[in-house]
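Here's the structure we're looking at; comments come further down.
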Amino acid sequence: MSDVDKLKNLKEKLAYYERKLVFKMKRYRGVIHESAASEMKHQEVMVLRAMVADLQKEITMLENTP
């Protein structure tokens with residue numbers, strides 16, 4: 001896979017996960033302790049944030065390589 005194809009693929013994944021994160025954040029109100037459902041939602045939001053950050057970092061690295 002060429003760098004151009006990889007970059008395009010990463011940008012598509014980033015858009016997908018950003019939309020998913022925005023949707024999850026609409027109902028996210030933080031962690032309500034002693035609530036398993038709240039803690040699961042919190043974990044899901046944290047995972048999505050990490051995925052978005054990692055994809056952004058990888059895209060930046062690919063765009064900045066000569």
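Ordering of the structure tokens sets the chain letters (A, B, ...); residue numbers start at 1 within each chain; ligands are numbered from 1 in the order shown.
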| task | May I have the residues within 8 Å of range 15-20 of chain A as an NGL selection string, using only C-alpha atoms and disregarding those fewer than 6 positions away in the same chain? | result | :A and (48 or 51-52)
Those same residues, written as a CSV table (one decimal), in the first residue's frame with C-alpha atoms?
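Written output follows (out00.csv):
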```csv
chain,number,residue,atom,x,y,z
A,48,LEU,CA,-12.5,6.5,21.2
A,51,MET,CA,-8.1,6.1,18.8
A,52,VAL,CA,-8.7,9.6,17.4
```
| task | as number ranges by chain, list the residues of chain A assigned to helix (DSSP H, G or I) by DSSP on the backbone atoms of this structure. | result | A: 3-26, 36-64
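When the distance limit is 10 Å and only C-alpha atoms are what count, the residues near Lys11 in chain A, minus those fewer than 5 positions from it on the same chain, are Asp5, Lys6, Tyr16, Tyr17, Leu55, Gln56, Glu58 and Ile59 of chain A.
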| query | Skipping near chain neighbours, those fewer than 2 positions away, what residues fall within 10 Å of Val45 in chain A using only C-alpha atoms, listed as a PyMOL selection string? | reply | chain A and resi 20-25+28+30+39-43+47-51
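What separates CA of Asn64 in chain A from CA of Met46 in chain A is a distance of 27.1 Å.
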